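The data block below is coords.pdb; it holds PDB, C-alpha atoms, pLDDT in the B column.
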ATOM      1  CA  TYR Y   1      91.832 107.218 103.145  1.00 49.00           C
ATOM      2  CA  ASN Y   2      91.916 107.379 106.933  1.00 50.00           C
ATOM      3  CA  TYR Y   3      88.313 108.576 107.014  1.00 49.00           C
ATOM      4  CA  SER Y   4      85.464 106.127 106.498  1.00 65.00           C
ATOM      5  CA  PRO Y   5      83.628 108.164 103.807  1.00 70.00           C
ATOM      6  CA  GLU Y   6      86.787 108.264 101.686  1.00 84.00           C
ATOM      7  CA  LYS Y   7      87.316 104.527 102.112  1.00 85.00           C
ATOM      8  CA  GLU Y   8      83.726 103.854 101.085  1.00 88.00           C
ATOM      9  CA  THR Y   9      84.144 106.068  98.023  1.00 91.00           C
ATOM     10  CA  ILE Y  10      87.254 104.161  96.965  1.00 92.00           C
ATOM     11  CA  LYS Y  11      85.426 100.854  97.472  1.00 91.00           C
ATOM     12  CA  ASP Y  12      82.555 102.113  95.308  1.00 92.00           C
ATOM     13  CA  ILE Y  13      84.961 103.224  92.574  1.00 94.00           C
ATOM     14  CA  LEU Y  14      86.757  99.875  92.590  1.00 95.00           C
ATOM     15  CA  LEU Y  15      83.467  97.976  92.529  1.00 93.00           C
ATOM     16  CA  LEU Y  16      82.360 100.054  89.536  1.00 94.00           C
ATOM     17  CA  PHE Y  17      85.738  99.379  87.901  1.00 95.00           C
ATOM     18  CA  ASN Y  18      85.084  95.641  88.255  1.00 92.00           C
ATOM     19  CA  VAL Y  19      81.524  95.914  86.956  1.00 92.00           C
ATOM     20  CA  VAL Y  20      82.540  97.972  83.916  1.00 92.00           C
ATOM     21  CA  THR Y  21      85.465  95.654  83.186  1.00 91.00           C
ATOM     22  CA  VAL Y  22      83.110  92.676  83.011  1.00 90.00           C
ATOM     23  CA  MET Y  23      80.563  94.654  80.961  1.00 87.00           C
ATOM     24  CA  ASN Y  24      83.247  95.542  78.423  1.00 83.00           C
ATOM     25  CA  LYS Y  25      84.111  91.929  77.704  1.00 78.00           C
ATOM     26  CA  SER Y  26      83.286  90.790  74.185  1.00 60.00           C
ATOM     27  CA  SER Y  27      80.550  88.387  75.246  1.00 60.00           C
ATOM     28  CA  ALA Y  28      77.083  89.917  75.197  1.00 52.00           C
ATOM     29  CA  TYR Y  29      76.245  87.749  78.190  1.00 57.00           C
ATOM     30  CA  SER Y  30      79.041  89.038  80.409  1.00 64.00           C
ATOM     31  CA  ARG Y  31      77.648  90.224  83.713  1.00 73.00           C
ATOM     32  CA  PHE Y  32      79.353  91.016  86.981  1.00 76.00           C
ATOM     33  CA  PRO Y  33      78.588  88.129  89.405  1.00 73.00           C
ATOM     34  CA  PHE Y  34      76.738  90.103  92.056  1.00 75.00           C
ATOM     35  CA  ASP Y  35      75.414  86.827  93.478  1.00 75.00           C
ATOM     36  CA  SER Y  36      78.975  85.761  94.336  1.00 74.00           C
ATOM     37  CA  TYR Y  37      79.843  89.255  95.519  1.00 75.00           C
ATOM     38  CA  ASN Y  38      76.818  89.471  97.814  1.00 73.00           C
ATOM     39  CA  LYS Y  39      77.274  85.960  99.235  1.00 74.00           C
ATOM     40  CA  ASN Y  40      80.178  87.251 101.269  1.00 68.00           C
ATOM     41  CA  LYS Y  41      78.509  87.844 104.627  1.00 60.00           C
ATOM     42  CA  LYS Y  42      81.483  89.590 106.228  1.00 70.00           C
ATOM     43  CA  GLY Y  43      81.743  92.078 103.395  1.00 79.00           C
ATOM     44  CA  TRP Y  44      84.528  93.534 101.305  1.00 86.00           C
ATOM     45  CA  SER Y  45      87.520  95.627 102.202  1.00 87.00           C
ATOM     46  CA  LEU Y  46      90.353  97.549 100.625  1.00 89.00           C
ATOM     47  CA  GLU Y  47      93.455  95.438 100.256  1.00 86.00           C
ATOM     48  CA  HIS Y  48      96.801  97.207 100.063  1.00 85.00           C
ATOM     49  CA  ILE Y  49      98.494  95.751  96.997  1.00 87.00           C
ATOM     50  CA  HIS Y  50     101.801  96.465  98.685  1.00 76.00           C
ATOM     51  CA  ALA Y  51     101.594  95.875 102.447  1.00 69.00           C
ATOM     52  CA  GLN Y  52     101.328  98.836 104.799  1.00 64.00           C
ATOM     53  CA  ASN Y  53     102.131  97.330 108.214  1.00 62.00           C
ATOM     54  CA  THR Y  54     102.186  94.199 110.387  1.00 62.00           C
ATOM     55  CA  GLU Y  55      99.010  94.790 112.385  1.00 62.00           C
ATOM     56  CA  GLY Y  56      97.509  91.407 111.555  1.00 58.00           C
ATOM     57  CA  MET Y  57     100.542  89.430 112.698  1.00 62.00           C
ATOM     58  CA  GLY Y  58      99.711  89.653 116.392  1.00 67.00           C
ATOM     59  CA  ASN Y  59     102.161  88.079 118.834  1.00 78.00           C
ATOM     60  CA  SER Y  60     102.519  84.759 117.054  1.00 79.00           C
ATOM     61  CA  LYS Y  61     106.147  83.854 116.480  1.00 86.00           C
ATOM     62  CA  ASP Y  62     104.984  81.114 114.108  1.00 84.00           C
ATOM     63  CA  LEU Y  63     103.408  83.774 111.874  1.00 79.00           C
ATOM     64  CA  TRP Y  64     106.549  85.919 111.994  1.00 86.00           C
ATOM     65  CA  ILE Y  65     108.745  82.966 111.032  1.00 89.00           C
ATOM     66  CA  ALA Y  66     106.344  81.974 108.247  1.00 82.00           C
ATOM     67  CA  TRP Y  67     106.463  85.570 106.973  1.00 81.00           C
ATOM     68  CA  ILE Y  68     110.276  85.504 106.967  1.00 89.00           C
ATOM     69  CA  ASP Y  69     110.374  82.166 105.128  1.00 88.00           C
ATOM     70  CA  GLU Y  70     107.837  83.249 102.501  1.00 79.00           C
ATOM     71  CA  HIS Y  71     109.689  86.484 101.810  1.00 82.00           C
ATOM     72  CA  LEU Y  72     113.069  84.810 101.713  1.00 89.00           C
ATOM     73  CA  LYS Y  73     111.690  82.549  98.994  1.00 84.00           C
ATOM     74  CA  SER Y  74     110.335  85.592  97.168  1.00 77.00           C
ATOM     75  CA  PHE Y  75     113.291  87.975  97.484  1.00 83.00           C
ATOM     76  CA  ARG Y  76     115.793  85.302  96.453  1.00 87.00           C
ATOM     77  CA  GLN Y  77     114.230  85.513  92.987  1.00 80.00           C
ATOM     78  CA  PHE Y  78     115.072  89.221  92.704  1.00 78.00           C
ATOM     79  CA  SER Y  79     118.254  90.495  91.112  1.00 81.00           C
ATOM     80  CA  GLY Y  80     120.520  93.303  92.264  1.00 86.00           C
ATOM     81  CA  ASP Y  81     122.549  94.201  95.323  1.00 91.00           C
ATOM     82  CA  LEU Y  82     119.576  95.764  97.111  1.00 89.00           C
ATOM     83  CA  TYR Y  83     117.675  92.500  97.264  1.00 87.00           C
ATOM     84  CA  LYS Y  84     120.783  90.537  98.161  1.00 92.00           C
ATOM     85  CA  GLU Y  85     120.999  92.872 101.147  1.00 93.00           C
ATOM     86  CA  VAL Y  86     117.329  92.264 101.976  1.00 92.00           C
ATOM     87  CA  VAL Y  87     117.869  88.498 101.821  1.00 94.00           C
ATOM     88  CA  ALA Y  88     120.929  88.819 104.051  1.00 95.00           C
ATOM     89  CA  THR Y  89     118.871  90.830 106.552  1.00 94.00           C
ATOM     90  CA  LEU Y  90     116.196  88.134 106.672  1.00 94.00           C
ATOM     91  CA  GLU Y  91     118.734  85.329 106.924  1.00 95.00           C
ATOM     92  CA  ALA Y  92     120.468  87.073 109.825  1.00 95.00           C
ATOM     93  CA  VAL Y  93     117.355  87.128 112.018  1.00 95.00           C
ATOM     94  CA  ASP Y  94     117.805  85.328 115.335  1.00 95.00           C
ATOM     95  CA  ARG Y  95     114.602  83.319 115.234  1.00 93.00           C
ATOM     96  CA  GLU Y  96     114.887  82.103 118.800  1.00 93.00           C
ATOM     97  CA  GLU Y  97     115.167  85.625 120.204  1.00 93.00           C
ATOM     98  CA  LEU Y  98     112.700  87.281 117.824  1.00 93.00           C
ATOM     99  CA  ASP Y  99     109.964  89.243 119.607  1.00 93.00           C
ATOM    100  CA  ARG Y 100     107.200  91.591 118.469  1.00 89.00           C
ATOM    101  CA  ASP Y 101     109.357  94.712 118.584  1.00 92.00           C
ATOM    102  CA  GLY Y 102     112.090  92.934 116.668  1.00 93.00           C
ATOM    103  CA  PHE Y 103     109.682  91.764 113.990  1.00 90.00           C
ATOM    104  CA  ASP Y 104     108.146  95.229 113.610  1.00 89.00           C
ATOM    105  CA  LYS Y 105     111.637  96.687 113.217  1.00 91.00           C
ATOM    106  CA  LEU Y 106     112.511  94.025 110.636  1.00 92.00           C
ATOM    107  CA  PHE Y 107     109.381  94.828 108.617  1.00 86.00           C
ATOM    108  CA  SER Y 108     110.045  98.561 108.876  1.00 87.00           C
ATOM    109  CA  ASP Y 109     113.711  98.212 107.879  1.00 89.00           C
ATOM    110  CA  ILE Y 110     112.884  96.124 104.815  1.00 87.00           C
ATOM    111  CA  SER Y 111     110.036  98.445 103.816  1.00 81.00           C
ATOM    112  CA  LEU Y 112     112.455 101.367 104.004  1.00 83.00           C
ATOM    113  CA  LYS Y 113     115.064  99.581 101.902  1.00 83.00           C
ATOM    114  CA  ILE Y 114     112.643  98.817  99.070  1.00 78.00           C
ATOM    115  CA  LYS Y 115     110.472 101.948  99.189  1.00 73.00           C
ATOM    116  CA  ASP Y 116     111.932 103.339  95.947  1.00 72.00           C
ATOM    117  CA  ASP Y 117     110.650 100.288  94.091  1.00 66.00           C
ATOM    118  CA  TYR Y 118     107.265 100.182  95.768  1.00 60.00           C
ATOM    119  CA  GLY Y 119     106.391 103.846  96.215  1.00 56.00           C
ATOM    120  CA  VAL Y 120     105.770 105.770  99.411  1.00 53.00           C
ATOM    121  CA  ASP Y 121     102.098 106.709  99.859  1.00 59.00           C
ATOM    122  CA  LEU Y 122     100.420 103.324 100.284  1.00 65.00           C
ATOM    123  CA  HIS Y 123      96.886 104.560 100.986  1.00 74.00           C
ATOM    124  CA  LYS Y 124      95.969 105.826  97.523  1.00 85.00           C
ATOM    125  CA  ILE Y 125      93.681 104.025  95.103  1.00 91.00           C
ATOM    126  CA  ASP Y 126      96.664 103.035  92.936  1.00 91.00           C
ATOM    127  CA  ASN Y 127      97.774 100.728  95.763  1.00 89.00           C
ATOM    128  CA  LEU Y 128      94.334  99.380  96.660  1.00 93.00           C
ATOM    129  CA  ALA Y 129      92.122  96.569  95.389  1.00 94.00           C
ATOM    130  CA  LEU Y 130      88.856  94.949  96.455  1.00 92.00           C
ATOM    131  CA  LEU Y 131      89.155  91.758  98.469  1.00 89.00           C
ATOM    132  CA  ASP Y 132      86.799  89.996 100.831  1.00 86.00           C
ATOM    133  CA  ILE Y 133      87.544  90.560 104.498  1.00 83.00           C
ATOM    134  CA  ASN Y 134      88.487  86.933 105.204  1.00 75.00           C
ATOM    135  CA  ALA Y 135      91.012  86.812 102.366  1.00 74.00           C
ATOM    136  CA  ASN Y 136      92.300  90.259 103.287  1.00 66.00           C
ATOM    137  CA  SER Y 137      93.085  89.224 106.848  1.00 67.00           C
ATOM    138  CA  SER Y 138      94.973  86.144 105.661  1.00 69.00           C
ATOM    139  CA  ILE Y 139      97.272  87.880 103.167  1.00 78.00           C
ATOM    140  CA  SER Y 140      97.371  91.554 104.147  1.00 71.00           C
ATOM    141  CA  ASN Y 141     100.785  91.626 105.826  1.00 72.00           C
ATOM    142  CA  ASN Y 142     102.733  90.224 102.896  1.00 77.00           C
ATOM    143  CA  PHE Y 143     104.638  92.045 100.193  1.00 74.00           C
ATOM    144  CA  PHE Y 144     103.390  91.889  96.613  1.00 81.00           C
ATOM    145  CA  ASP Y 145     105.051  88.720  95.361  1.00 79.00           C
ATOM    146  CA  VAL Y 146     103.787  86.615  98.265  1.00 79.00           C
ATOM    147  CA  LYS Y 147     100.309  88.148  98.015  1.00 86.00           C
ATOM    148  CA  ARG Y 148     100.316  87.369  94.312  1.00 87.00           C
ATOM    149  CA  SER Y 149     100.951  83.676  94.953  1.00 87.00           C
ATOM    150  CA  LEU Y 150      98.256  83.534  97.634  1.00 87.00           C
ATOM    151  CA  ILE Y 151      95.697  85.296  95.410  1.00 90.00           C
ATOM    152  CA  ILE Y 152      96.419  82.849  92.581  1.00 91.00           C
ATOM    153  CA  ASP Y 153      96.005  79.912  94.987  1.00 91.00           C
ATOM    154  CA  LYS Y 154      92.653  81.259  96.190  1.00 89.00           C
ATOM    155  CA  ASP Y 155      91.493  81.807  92.617  1.00 90.00           C
ATOM    156  CA  ARG Y 156      92.514  78.280  91.621  1.00 92.00           C
ATOM    157  CA  SER Y 157      90.644  76.826  94.588  1.00 91.00           C
ATOM    158  CA  GLY Y 158      87.418  78.442  93.385  1.00 88.00           C
ATOM    159  CA  GLU Y 159      87.210  81.401  95.748  1.00 88.00           C
ATOM    160  CA  PHE Y 160      85.613  84.462  94.197  1.00 87.00           C
ATOM    161  CA  ILE Y 161      88.288  87.053  93.446  1.00 91.00           C
ATOM    162  CA  PRO Y 162      87.020  90.219  91.714  1.00 92.00           C
ATOM    163  CA  VAL Y 163      88.349  90.335  88.170  1.00 93.00           C
ATOM    164  CA  CYS Y 164      90.264  93.602  88.595  1.00 95.00           C
ATOM    165  CA  THR Y 165      91.890  92.381  91.797  1.00 94.00           C
ATOM    166  CA  ARG Y 166      93.017  89.261  89.973  1.00 93.00           C
ATOM    167  CA  ASN Y 167      94.231  91.401  87.074  1.00 94.00           C
ATOM    168  CA  VAL Y 168      96.274  93.600  89.416  1.00 93.00           C
ATOM    169  CA  PHE Y 169      98.177  90.662  90.857  1.00 91.00           C
ATOM    170  CA  LEU Y 170      98.712  89.204  87.380  1.00 91.00           C
ATOM    171  CA  LYS Y 171     100.156  92.567  86.243  1.00 90.00           C
ATOM    172  CA  TYR Y 172      97.440  92.842  83.578  1.00 92.00           C
ATOM    173  CA  TYR Y 173      97.502  96.650  83.655  1.00 94.00           C
ATOM    174  CA  SER Y 174     101.264  97.049  83.760  1.00 91.00           C
ATOM    175  CA  SER Y 175     103.177  98.262  80.720  1.00 88.00           C
ATOM    176  CA  ASP Y 176     106.212  96.238  81.836  1.00 76.00           C
ATOM    177  CA  PRO Y 177     104.790  92.936  83.125  1.00 69.00           C
ATOM    178  CA  SER Y 178     108.173  91.228  82.777  1.00 65.00           C
ATOM    179  CA  GLN Y 179     108.881  92.367  86.330  1.00 67.00           C
ATOM    180  CA  VAL Y 180     106.357  90.334  88.321  1.00 70.00           C
ATOM    181  CA  HIS Y 181     107.843  90.283  91.796  1.00 68.00           C
ATOM    182  CA  TYR Y 182     106.892  93.684  93.181  1.00 72.00           C
ATOM    183  CA  TRP Y 183     104.307  96.435  92.761  1.00 80.00           C
ATOM    184  CA  SER Y 184     106.331  99.366  91.500  1.00 76.00           C
ATOM    185  CA  GLN Y 185     105.583 103.047  91.109  1.00 76.00           C
ATOM    186  CA  SER Y 186     105.182 102.561  87.349  1.00 81.00           C
ATOM    187  CA  ASP Y 187     102.708  99.718  87.995  1.00 86.00           C
ATOM    188  CA  ARG Y 188     100.697 102.069  90.183  1.00 88.00           C
ATOM    189  CA  ILE Y 189     100.599 104.707  87.453  1.00 89.00           C
ATOM    190  CA  ASP Y 190      99.457 102.150  84.863  1.00 93.00           C
ATOM    191  CA  TYR Y 191      96.772 100.807  87.206  1.00 95.00           C
ATOM    192  CA  LEU Y 192      95.418 104.282  87.927  1.00 95.00           C
ATOM    193  CA  ASP Y 193      95.385 105.075  84.206  1.00 96.00           C
ATOM    194  CA  ALA Y 194      93.361 101.904  83.585  1.00 96.00           C
ATOM    195  CA  ILE Y 195      90.831 102.891  86.255  1.00 96.00           C
ATOM    196  CA  LYS Y 196      90.476 106.397  84.811  1.00 95.00           C
ATOM    197  CA  SER Y 197      90.143 105.107  81.262  1.00 94.00           C
ATOM    198  CA  SER Y 198      87.495 102.534  82.177  1.00 93.00           C
ATOM    199  CA  LEU Y 199      85.407 104.923  84.250  1.00 95.00           C
ATOM    200  CA  LYS Y 200      85.699 108.174  82.283  1.00 91.00           C
ATOM    201  CA  ASP Y 201      82.142 107.797  80.953  1.00 87.00           C
ATOM    202  CA  TYR Y 202      80.820 107.295  84.487  1.00 85.00           C
ATOM    203  CA  ILE Y 203      82.740 109.661  86.739  1.00 78.00           C
ATOM    204  CA  GLY Y 204      84.369 111.991  84.218  1.00 65.00           C
ATOM    205  CA  ASP Y 205      87.986 112.730  83.492  1.00 57.00           C
ATOM    206  CA  GLU Y 206      89.917 114.198  86.407  1.00 51.00           C
ATOM    207  CA  GLU Y 207      92.020 116.481  84.215  1.00 46.00           C
ATOM    208  CA  GLU Y 208      88.953 117.837  82.406  1.00 39.00           C
ATOM    209  CA  THR Y 209      87.290 118.517  85.745  1.00 30.00           C
ATOM    210  CA  ASP Y 210      90.358 120.394  86.956  1.00 39.00           C
ATOM    211  CA  ASP Y 211      90.379 122.473  83.768  1.00 39.00           C
ATOM    212  CA  ASP Y 212      86.728 123.377  84.206  1.00 40.00           C
ATOM    213  CA  ASP Y 213      87.404 124.625  87.707  1.00 38.00           C
ATOM    214  CA  GLU Y 214      90.097 127.038  86.601  1.00 35.00           C
TER     215      GLU Y 214
END
Now that the file is in, can you turn its structure into structure tokens?
Amino acid sequence: YNYSPEKETIKDILLLFNVVTVMNKSSAYSRFPFDSYNKNKKGWSLEHIHAQNTEGMGNSKDLWIAWIDEHLKSFRQFSGDLYKEVVATLEAVDREELDRDGFDKLFSDISLKIKDDYGVDLHKIDNLALLDINANSSISNNFFDVKRSLIIDKDRSGEFIPVCTRNVFLKYYSSDPSQVHYWSQSDRIDYLDAIKSSLKDYIGDEEETDDDDE
């Protein structure tokens, strides 16, 4: 993922996933809206479904505080001692004294606490979705539940959100959609299975390819 060719390959796969998903709809007139896709002058990027870092937060304390408030609202909906601890951590932040190093440490500490729910390797296709660069920059530093709300708001306002990206944040591919607040390891497995199933006629089955190589 760190190399441009690999990123471009993942983008191509996800674009094909969106195209095939639209093609497979029951309507004979279903077509992927390339006109809307191509209208985006700044292009498309890979959005981490679960956030990877705080790079886009800059040195704006207002953004850090907004991030804390949004995630307090989100994590208060979770059950269990782990998330009570996360909420307590966020509530204990000294907002007046908060600086960039302190915010980075806060993000890192919370990411570490919840890593078993979210998974570890964040740069694989099962944690990536297509999103336009403008939207990506505005939501990229949030955890799943906050991103989900922002994606829904953008979709409601008429912004073009690729169908599979919308489906991801609506837990369309997940076998246990009752848990909507975070992007879990099982969600990632289900999402990857959906990609493989949809594209097997176009890029082959990975397991079959491995067998042929042996």
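For Val86 (chain Y), the residues within 8 Å (counting only C-alpha atoms, excluding itself and residues fewer than 5 positions away along the chain) are Phe75, Ile110 and Lys113 of chain Y.
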Residue subset to file, keeping C-alpha atoms, as an mmCIF file, keeping the file's coordinate frame:
data_model
loop_
_atom_site.group_PDB
_atom_site.id
_atom_site.type_symbol
_atom_site.label_atom_id
_atom_site.label_comp_id
_atom_site.auth_asym_id
_atom_site.auth_seq_id
_atom_site.Cartn_x
_atom_site.Cartn_y
_atom_site.Cartn_z
ATOM 1 C CA PHE Y 75 113.291 87.975 97.484
ATOM 2 C CA ILE Y 110 112.884 96.124 104.815
ATOM 3 C CA LYS Y 113 115.064 99.581 101.902
#
Evaluate the PyMOL selection byres ((chain Y and resi 189) around 12) against this structure - the residues, as a list in words, please.
Tyr118, Gly119, Lys124, Ile125, Asp126, Asn127, Tyr173, Ser174, Ser175, Asp176, Trp183, Ser184, Gln185, Ser186, Asp187, Arg188, Asp190, Tyr191, Leu192, Asp193, Ala194, Ile195 and Lys196 of chain Y
If the PyMOL selection byres ((chain Y and resi 132) around 6) were run on this exact file, what residues would it hold? Put them as a PyMOL selection string.
chain Y and resi 44-45+131+133-135
Considering all atoms listed in the file, return as a ChimeraX atom specification whatever protein or nucleic-acid residues lie within 10 Å of region 10-20 of chain Y, sequence-local ones (same chain, fewer than 2 positions apart) excluded.
/Y:1,4-8,22-25,30-34,37,44-46,124-125,128-131,162-165,194-199,202-203
Contacts of Phe144 (chain Y) within 9 Å, all atoms listed in the file, excl. fewer than 2 positions in-chain, as a PyMOL selection string
chain Y and resi 49-51+142+146-149+169+180-183
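As for CA of Ile68 (chain Y) and CA of Leu98 (chain Y), they are spaced 11.3 Å apart.
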If you measure from CA of His48 (chain Y) to CA of Ser140 (chain Y), what distance in Å do you get, rounded to one decimal?
7.0 Å
Set the distance at 7 Å and use all atoms listed in the file: which residues neighbour Leu72 (chain Y) once local chain neighbours fewer than 4 positions away are removed? I'd like the list as a ChimeraX atom specification.
/Y:68,76,87,90
Report, as lines of an AutoDock Vina configuration file, the axis-aligned box around all atoms of region 8-15 of chain Y present in the file, extended by 3 Å on each side; give centre and edge lengths in Å to one decimal place.
center_x = 84.9
center_y = 102.0
center_z = 96.8
size_x = 10.7
size_y = 14.1
size_z = 14.6
Between Y:Asp145, Y:Asp104, Y:His123, Y:Glu96, which has the minimum distance to Ser74 (chain Y) (counting only C-alpha atoms)?
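The answer is Y:Asp145, which sits nearest to Ser74 (chain Y).
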